[in-house]
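A.B. asks: Structure file protein-v2.tsv (TSV, N, CA and C atoms) right here:
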```
chain	number	residue	atom	x	y	z
A	27	MET	N	8.32	-3.61	3.51
A	27	MET	CA	7.73	-2.95	2.37
A	27	MET	C	6.27	-2.62	2.69
A	28	LYS	N	5.91	-1.40	2.40
A	28	LYS	CA	4.54	-0.99	2.61
A	28	LYS	C	3.65	-1.60	1.53
A	29	THR	N	2.47	-2.09	1.94
A	29	THR	CA	1.48	-2.60	1.00
A	29	THR	C	0.11	-2.06	1.38
A	30	LYS	N	-0.85	-2.30	0.51
A	30	LYS	CA	-2.23	-1.92	0.79
A	30	LYS	C	-3.07	-3.14	1.18
A	31	VAL	N	-2.42	-4.20	1.61
A	31	VAL	CA	-3.12	-5.44	1.91
A	31	VAL	C	-4.20	-5.23	2.97
A	32	LYS	N	-3.84	-4.61	4.08
A	32	LYS	CA	-4.81	-4.43	5.17
A	32	LYS	C	-5.97	-3.55	4.70
A	33	GLU	N	-5.66	-2.46	4.05
A	33	GLU	CA	-6.69	-1.54	3.55
A	33	GLU	C	-7.66	-2.26	2.60
A	34	LEU	N	-7.12	-3.01	1.67
A	34	LEU	CA	-7.96	-3.72	0.70
A	34	LEU	C	-8.75	-4.85	1.35
A	35	ARG	N	-8.12	-5.55	2.29
A	35	ARG	CA	-8.80	-6.63	3.00
A	35	ARG	C	-9.98	-6.10	3.80
A	36	LEU	N	-9.76	-5.01	4.51
A	36	LEU	CA	-10.85	-4.42	5.31
A	36	LEU	C	-11.98	-3.91	4.43
A	37	ALA	N	-11.63	-3.37	3.27
A	37	ALA	CA	-12.66	-2.88	2.34
A	37	ALA	C	-13.55	-4.02	1.85
A	38	LYS	N	-12.98	-5.22	1.76
A	38	LYS	CA	-13.76	-6.40	1.35
A	38	LYS	C	-14.52	-7.01	2.53
A	39	GLY	N	-14.16	-6.60	3.74
A	39	GLY	CA	-14.81	-7.16	4.92
A	39	GLY	C	-14.30	-8.55	5.28
A	40	TRP	N	-13.08	-8.86	4.87
A	40	TRP	CA	-12.50	-10.18	5.13
A	40	TRP	C	-11.63	-10.16	6.37
A	41	THR	N	-11.57	-11.28	7.05
A	41	THR	CA	-10.62	-11.44	8.15
A	41	THR	C	-9.26	-11.79	7.54
A	42	GLN	N	-8.24	-11.73	8.36
A	42	GLN	CA	-6.91	-12.11	7.88
A	42	GLN	C	-6.91	-13.57	7.44
A	43	GLN	N	-7.62	-14.41	8.18
A	43	GLN	CA	-7.66	-15.83	7.82
A	43	GLN	C	-8.42	-16.06	6.52
A	44	GLN	N	-9.48	-15.31	6.30
A	44	GLN	CA	-10.23	-15.46	5.04
A	44	GLN	C	-9.35	-15.10	3.85
A	45	LEU	N	-8.57	-14.03	3.96
A	45	LEU	CA	-7.65	-13.67	2.89
A	45	LEU	C	-6.59	-14.75	2.73
A	46	ALA	N	-6.05	-15.21	3.84
A	46	ALA	CA	-5.03	-16.26	3.79
A	46	ALA	C	-5.55	-17.50	3.06
A	47	ASP	N	-6.77	-17.88	3.35
A	47	ASP	CA	-7.36	-19.05	2.68
A	47	ASP	C	-7.51	-18.80	1.18
A	48	ARG	N	-7.90	-17.60	0.80
A	48	ARG	CA	-8.09	-17.27	-0.62
A	48	ARG	C	-6.78	-17.31	-1.41
A	49	VAL	N	-5.68	-16.95	-0.76
A	49	VAL	CA	-4.40	-16.90	-1.46
A	49	VAL	C	-3.47	-18.05	-1.05
A	50	GLN	N	-3.99	-18.98	-0.28
A	50	GLN	CA	-3.30	-20.23	0.06
A	50	GLN	C	-2.01	-20.03	0.85
A	51	VAL	N	-2.09	-19.20	1.90
A	51	VAL	CA	-0.98	-19.03	2.83
A	51	VAL	C	-1.52	-19.12	4.24
A	52	SER	N	-0.65	-19.05	5.22
A	52	SER	CA	-1.10	-19.08	6.62
A	52	SER	C	-1.60	-17.69	7.04
A	53	GLY	N	-2.42	-17.67	8.05
A	53	GLY	CA	-2.88	-16.41	8.62
A	53	GLY	C	-1.71	-15.58	9.13
A	54	ARG	N	-0.70	-16.27	9.64
A	54	ARG	CA	0.49	-15.58	10.16
A	54	ARG	C	1.22	-14.81	9.05
A	55	THR	N	1.20	-15.35	7.85
A	55	THR	CA	1.84	-14.66	6.72
A	55	THR	C	1.13	-13.34	6.45
A	56	ILE	N	-0.19	-13.35	6.46
A	56	ILE	CA	-0.95	-12.12	6.22
A	56	ILE	C	-0.67	-11.11	7.34
A	57	ILE	N	-0.64	-11.57	8.57
A	57	ILE	CA	-0.34	-10.69	9.70
A	57	ILE	C	1.02	-10.03	9.51
A	58	SER	N	2.02	-10.82	9.13
A	58	SER	CA	3.38	-10.31	8.94
A	58	SER	C	3.46	-9.30	7.80
A	59	ILE	N	2.72	-9.56	6.71
A	59	ILE	CA	2.70	-8.62	5.60
A	59	ILE	C	2.07	-7.31	6.04
A	60	GLU	N	0.95	-7.39	6.75
A	60	GLU	CA	0.26	-6.18	7.19
A	60	GLU	C	1.09	-5.37	8.17
A	61	LYS	N	1.94	-6.02	8.95
A	61	LYS	CA	2.81	-5.31	9.90
A	61	LYS	C	4.13	-4.88	9.27
A	62	GLU	N	4.27	-5.09	7.95
A	62	GLU	CA	5.49	-4.75	7.20
A	62	GLU	C	6.71	-5.48	7.74
A	63	GLN	N	6.50	-6.69	8.27
A	63	GLN	CA	7.59	-7.51	8.75
A	63	GLN	C	8.03	-8.52	7.70
A	64	TYR	N	7.23	-8.66	6.65
A	64	TYR	CA	7.49	-9.64	5.60
A	64	TYR	C	7.02	-9.06	4.27
A	65	SER	N	7.84	-9.19	3.25
A	65	SER	CA	7.45	-8.76	1.91
A	65	SER	C	7.00	-9.98	1.13
A	66	PRO	N	5.83	-9.91	0.52
A	66	PRO	CA	5.33	-11.07	-0.21
A	66	PRO	C	6.18	-11.37	-1.44
A	67	SER	N	6.26	-12.65	-1.77
A	67	SER	CA	6.93	-13.05	-3.01
A	67	SER	C	6.13	-12.49	-4.18
A	68	LEU	N	6.73	-12.50	-5.35
A	68	LEU	CA	6.03	-12.01	-6.53
A	68	LEU	C	4.75	-12.81	-6.79
A	69	MET	N	4.82	-14.13	-6.64
A	69	MET	CA	3.65	-14.96	-6.89
A	69	MET	C	2.54	-14.70	-5.86
A	70	LEU	N	2.91	-14.52	-4.60
A	70	LEU	CA	1.90	-14.21	-3.59
A	70	LEU	C	1.30	-12.83	-3.84
A	71	ALA	N	2.13	-11.87	-4.19
A	71	ALA	CA	1.62	-10.53	-4.51
A	71	ALA	C	0.65	-10.61	-5.68
A	72	TYR	N	0.97	-11.42	-6.67
A	72	TYR	CA	0.09	-11.59	-7.83
A	72	TYR	C	-1.24	-12.20	-7.41
A	73	ARG	N	-1.20	-13.24	-6.57
A	73	ARG	CA	-2.44	-13.88	-6.12
A	73	ARG	C	-3.30	-12.90	-5.33
A	74	MET	N	-2.66	-12.12	-4.45
A	74	MET	CA	-3.42	-11.14	-3.66
A	74	MET	C	-4.00	-10.06	-4.56
A	75	ALA	N	-3.21	-9.55	-5.49
A	75	ALA	CA	-3.70	-8.52	-6.41
A	75	ALA	C	-4.90	-9.04	-7.19
A	76	LYS	N	-4.83	-10.29	-7.60
A	76	LYS	CA	-5.91	-10.89	-8.38
A	76	LYS	C	-7.20	-10.99	-7.55
A	77	VAL	N	-7.12	-11.43	-6.30
A	77	VAL	CA	-8.34	-11.54	-5.49
A	77	VAL	C	-8.92	-10.17	-5.13
A	78	PHE	N	-8.05	-9.15	-5.07
A	78	PHE	CA	-8.54	-7.80	-4.78
A	78	PHE	C	-8.95	-7.04	-6.03
A	79	GLY	N	-8.56	-7.53	-7.19
A	79	GLY	CA	-8.90	-6.83	-8.44
A	79	GLY	C	-8.09	-5.58	-8.67
A	80	VAL	N	-6.82	-5.60	-8.24
A	80	VAL	CA	-5.92	-4.47	-8.44
A	80	VAL	C	-4.64	-4.99	-9.09
A	81	THR	N	-3.77	-4.08	-9.48
A	81	THR	CA	-2.47	-4.48	-10.02
A	81	THR	C	-1.49	-4.77	-8.89
A	82	VAL	N	-0.45	-5.50	-9.20
A	82	VAL	CA	0.60	-5.76	-8.22
A	82	VAL	C	1.24	-4.43	-7.81
A	83	GLU	N	1.41	-3.55	-8.79
A	83	GLU	CA	2.02	-2.24	-8.50
A	83	GLU	C	1.20	-1.47	-7.46
A	84	ALA	N	-0.12	-1.48	-7.62
A	84	ALA	CA	-0.98	-0.78	-6.66
A	84	ALA	C	-0.97	-1.47	-5.30
A	85	LEU	N	-1.05	-2.79	-5.30
A	85	LEU	CA	-1.07	-3.55	-4.05
A	85	LEU	C	0.19	-3.29	-3.23
A	86	CYS	N	1.32	-3.26	-3.91
A	86	CYS	CA	2.60	-3.14	-3.22
A	86	CYS	C	3.12	-1.70	-3.11
A	87	CYS	N	2.31	-0.73	-3.48
A	87	CYS	CA	2.71	0.68	-3.38
A	87	CYS	C	4.09	0.89	-3.98
A	88	LEU	N	4.32	0.34	-5.17
A	88	LEU	CA	5.66	0.33	-5.75
A	88	LEU	C	6.24	1.71	-5.94
A	89	GLU	N	5.46	2.67	-6.42
A	89	GLU	CA	6.01	4.02	-6.60
A	89	GLU	C	6.44	4.63	-5.27
A	90	GLU	N	5.58	4.50	-4.27
A	90	GLU	CA	5.88	5.05	-2.95
A	90	GLU	C	7.11	4.37	-2.33
A	91	ASN	N	7.19	3.05	-2.46
A	91	ASN	CA	8.33	2.33	-1.91
A	91	ASN	C	9.63	2.67	-2.65
A	92	LEU	N	9.54	2.88	-3.94
A	92	LEU	CA	10.73	3.26	-4.72
A	92	LEU	C	11.23	4.63	-4.30
A	93	LYS	N	10.33	5.59	-4.13
A	93	LYS	CA	10.74	6.93	-3.67
A	93	LYS	C	11.41	6.86	-2.31
A	94	LYS	N	10.83	6.07	-1.41
A	94	LYS	CA	11.38	5.95	-0.07
A	94	LYS	C	12.79	5.34	-0.13
A	95	GLU	N	12.94	4.32	-0.95
A	95	GLU	CA	14.24	3.67	-1.11
A	95	GLU	C	15.28	4.65	-1.66
A	96	GLU	N	14.90	5.45	-2.64
A	96	GLU	CA	15.81	6.41	-3.24
A	96	GLU	C	16.21	7.49	-2.23
A	97	GLU	N	15.27	7.91	-1.39
A	97	GLU	CA	15.56	8.93	-0.39
A	97	GLU	C	16.53	8.40	0.66
A	98	GLU	N	16.48	7.12	0.92
A	98	GLU	CA	17.34	6.53	1.95
A	98	GLU	C	18.77	6.33	1.45
A	99	ARG	N	18.98	6.42	0.15
A	99	ARG	CA	20.34	6.24	-0.42
A	99	ARG	C	21.17	7.47	-0.26
```
Re-express the file's structure as structure tokens.
C.D. replies:
Amino acid sequence: MKTKVKELRLAKGWTQQQLADRVQVSGRTIISIEKEQYSPSLMLAYRMAKVFGVTVEALCCLEENLKKEEEER
């Protein structure tokens, strides 16, 4: 699933580990999310959205991901 995690993290000037510490996960989890190898749970998405000051919908590119999913059907 595409997210804006990397874009938002870089805008804050945070390292992957700094973000991981803020949302209480491993650095590897952040790396996997940024590489679209792992989709965050709802609670993790909520924690990340909260630290970035955005909605979960914006963080997770929900409209864009929904369109892509519909096109693949």
A.B. asks: Which residue is closest to A:Arg73? Choose from A:Ala37, A:Val49, A:Met27, A:Cys87 and count all atoms listed in the file.
C.D. replies: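 Closest to A:Arg73, using all atoms listed in the file: A:Val49.
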A.B. asks: Quick one: pull the distance between atom N of A:Ala75 and atom C of A:Trp40, Å, one decimal.
C.D. replies: 14.6 Å
A.B. asks: What does the distance between atom C of A:Lys32 and atom C of A:Ser58 come to in Å, to one decimal place?
C.D. replies: 11.5 Å
A.B. asks: Taking only stretch 42-95 of chain A into account, list the residues labelled helix (DSSP H, G or I) by DSSP (computed from the backbone), as a PyMOL selection string.
C.D. replies: chain A and resi 42-49+53-60+68-78+82-85+88-95
A.B. asks: Find, counting only C-alpha atoms, the residue in A:Leu34, A:Leu92, A:Cys86, A:Leu45 that gets nearest to A:Glu62.
C.D. replies: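 The closest residue to A:Glu62 is A:Cys86.
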A.B. asks: Kindly complete stretch 31-42 of chain A to all heavy atoms; the output should be written as a tab-separated table (two decimals), in the frame of the given file.
C.D. replies:
```
chain	number	residue	atom	x	y	z
A	31	VAL	N	-2.42	-4.20	1.61
A	31	VAL	CA	-3.12	-5.44	1.91
A	31	VAL	C	-4.20	-5.23	2.97
A	31	VAL	O	-5.36	-5.61	2.78
A	31	VAL	CB	-2.15	-6.56	2.32
A	31	VAL	CG1	-2.90	-7.79	2.81
A	31	VAL	CG2	-1.23	-6.91	1.17
A	32	LYS	N	-3.84	-4.61	4.08
A	32	LYS	CA	-4.81	-4.43	5.17
A	32	LYS	C	-5.97	-3.55	4.70
A	32	LYS	O	-7.14	-3.88	4.94
A	32	LYS	CB	-4.14	-3.81	6.39
A	32	LYS	CG	-5.08	-3.70	7.58
A	32	LYS	CD	-4.35	-3.24	8.82
A	32	LYS	CE	-5.27	-3.24	10.02
A	32	LYS	NZ	-4.55	-2.86	11.24
A	33	GLU	N	-5.66	-2.46	4.05
A	33	GLU	CA	-6.69	-1.54	3.55
A	33	GLU	C	-7.66	-2.26	2.60
A	33	GLU	O	-8.88	-2.14	2.73
A	33	GLU	CB	-6.01	-0.39	2.83
A	33	GLU	CG	-6.91	0.60	2.16
A	33	GLU	CD	-6.12	1.64	1.36
A	33	GLU	OE1	-4.97	1.95	1.72
A	33	GLU	OE2	-6.69	2.14	0.37
A	34	LEU	N	-7.12	-3.01	1.67
A	34	LEU	CA	-7.96	-3.72	0.70
A	34	LEU	C	-8.75	-4.85	1.35
A	34	LEU	O	-9.91	-5.08	1.03
A	34	LEU	CB	-7.09	-4.27	-0.44
A	34	LEU	CG	-6.45	-3.21	-1.33
A	34	LEU	CD1	-5.37	-3.83	-2.21
A	34	LEU	CD2	-7.49	-2.49	-2.17
A	35	ARG	N	-8.12	-5.55	2.29
A	35	ARG	CA	-8.80	-6.63	3.00
A	35	ARG	C	-9.98	-6.10	3.80
A	35	ARG	O	-11.09	-6.66	3.75
A	35	ARG	CB	-7.81	-7.34	3.94
A	35	ARG	CG	-8.45	-8.43	4.78
A	35	ARG	CD	-7.45	-9.08	5.72
A	35	ARG	NE	-6.85	-8.19	6.68
A	35	ARG	CZ	-7.45	-7.77	7.80
A	35	ARG	NH1	-8.68	-8.12	8.08
A	35	ARG	NH2	-6.81	-6.97	8.64
A	36	LEU	N	-9.76	-5.01	4.51
A	36	LEU	CA	-10.85	-4.42	5.31
A	36	LEU	C	-11.98	-3.91	4.43
A	36	LEU	O	-13.15	-4.02	4.79
A	36	LEU	CB	-10.30	-3.30	6.20
A	36	LEU	CG	-9.37	-3.76	7.32
A	36	LEU	CD1	-8.77	-2.56	8.05
A	36	LEU	CD2	-10.07	-4.69	8.30
A	37	ALA	N	-11.63	-3.37	3.27
A	37	ALA	CA	-12.66	-2.88	2.34
A	37	ALA	C	-13.55	-4.02	1.85
A	37	ALA	O	-14.74	-3.81	1.59
A	37	ALA	CB	-12.00	-2.18	1.15
A	38	LYS	N	-12.98	-5.22	1.76
A	38	LYS	CA	-13.76	-6.40	1.35
A	38	LYS	C	-14.52	-7.01	2.53
A	38	LYS	O	-15.37	-7.87	2.34
A	38	LYS	CB	-12.84	-7.48	0.76
A	38	LYS	CG	-12.19	-7.12	-0.54
A	38	LYS	CD	-13.11	-7.40	-1.69
A	38	LYS	CE	-12.37	-7.24	-3.01
A	38	LYS	NZ	-13.26	-7.43	-4.14
A	39	GLY	N	-14.16	-6.60	3.74
A	39	GLY	CA	-14.81	-7.16	4.92
A	39	GLY	C	-14.30	-8.55	5.28
A	39	GLY	O	-14.99	-9.32	5.95
A	40	TRP	N	-13.08	-8.86	4.87
A	40	TRP	CA	-12.50	-10.18	5.13
A	40	TRP	C	-11.63	-10.16	6.37
A	40	TRP	O	-10.99	-9.16	6.68
A	40	TRP	CB	-11.63	-10.64	3.96
A	40	TRP	CG	-12.34	-10.83	2.67
A	40	TRP	CD1	-13.67	-11.03	2.47
A	40	TRP	CD2	-11.75	-10.85	1.37
A	40	TRP	NE1	-13.94	-11.16	1.13
A	40	TRP	CE2	-12.79	-11.07	0.43
A	40	TRP	CE3	-10.45	-10.71	0.90
A	40	TRP	CZ2	-12.54	-11.14	-0.93
A	40	TRP	CZ3	-10.21	-10.79	-0.45
A	40	TRP	CH2	-11.25	-11.01	-1.36
A	41	THR	N	-11.57	-11.28	7.05
A	41	THR	CA	-10.62	-11.44	8.15
A	41	THR	C	-9.26	-11.79	7.54
A	41	THR	O	-9.16	-12.13	6.35
A	41	THR	CB	-11.03	-12.58	9.09
A	41	THR	OG1	-10.97	-13.83	8.37
A	41	THR	CG2	-12.43	-12.38	9.67
A	42	GLN	N	-8.24	-11.73	8.36
A	42	GLN	CA	-6.91	-12.11	7.88
A	42	GLN	C	-6.91	-13.57	7.44
A	42	GLN	O	-6.31	-13.92	6.43
A	42	GLN	CB	-5.87	-11.87	8.97
A	42	GLN	CG	-5.64	-10.39	9.22
A	42	GLN	CD	-4.84	-10.11	10.46
A	42	GLN	OE1	-4.93	-10.83	11.45
A	42	GLN	NE2	-4.04	-9.04	10.42
```
